[in-house]
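Heads up, the thing below is written out as structure tokens.
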Amino acid sequence: MTDCIFCKIINGDFNTEFVYENEYLVVFKDLHPKAPIHLLVVPKVHVESLNELEDEKLMAELFKGIKAVTKKIGLKSYNLHVNTGKEAGQEVMHMHIHILGKDKK
């Protein structure tokens, strides 16, 4: 999608530093963190929201990616948050998962 900010980030338009990347997803720091550690897990394919996510392999890869990045940074306790739809607070219409953590204990 040409006007999607996350698609532009994935394509390298903003030189965003990825904390983690594989063939299915990228992970980067949230610009407006709500916790000391606040990362966004974003699939490389454009899926508007969780309601449109049909690909079971991608679903599994998102959670594998979460496990991989939290292990990589040493984060053992964290919350996952997914806003689905504008009314639920989704600001970017490209499905993404927030990883929120206090510290790396």
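Please note that chains go A, B, ... in the order of the structure tokens, that every chain numbers its residues from 1, and that ligands are numbered from 1 in the order shown.
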- Could you pull the residues within 12 Å of Thr2 in chain A, counting only C-alpha atoms, minus those fewer than 5 positions along the same chain, as a list in words? Cys7, Lys8, Ile9, Ile10, Asn11, Asp13, His46 and His94 of chain A
- Which of chain A fall in alpha helix (DSSP H), as a PyMOL selection string: chain A and resi 5-10+56-73
- Task: May I have the residues within 7 Å of range 29-39 of chain A as a ChimeraX atom specification, using only C-alpha atoms and disregarding those fewer than 3 positions away in the same chain?
- Result: /A:98-103
- Message: For a quick check of understanding, using only C-alpha atoms, which of A:Asn15, A:Asn79, A:Val27, A:Asn22 has the smallest distance to Val42 in chain A?
- Response: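 The answer is A:Val27, which sits nearest to Val42 in chain A.
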- Message: I need the residue nearest Tyr20 in chain A from this list: A:Leu58, A:Lys44, A:Ile66, A:Glu52. Use only C-alpha atoms for the distance.
- Response: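 Of A:Leu58, A:Lys44, A:Ile66, A:Glu52, the one nearest Tyr20 in chain A, counting only C-alpha atoms, is A:Ile66.
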- Note on the structure: Separating CA of Ile97 in chain A from CA of Ala68 in chain A, to the nearest tenth of an Å, is a gap of 14.1 Å
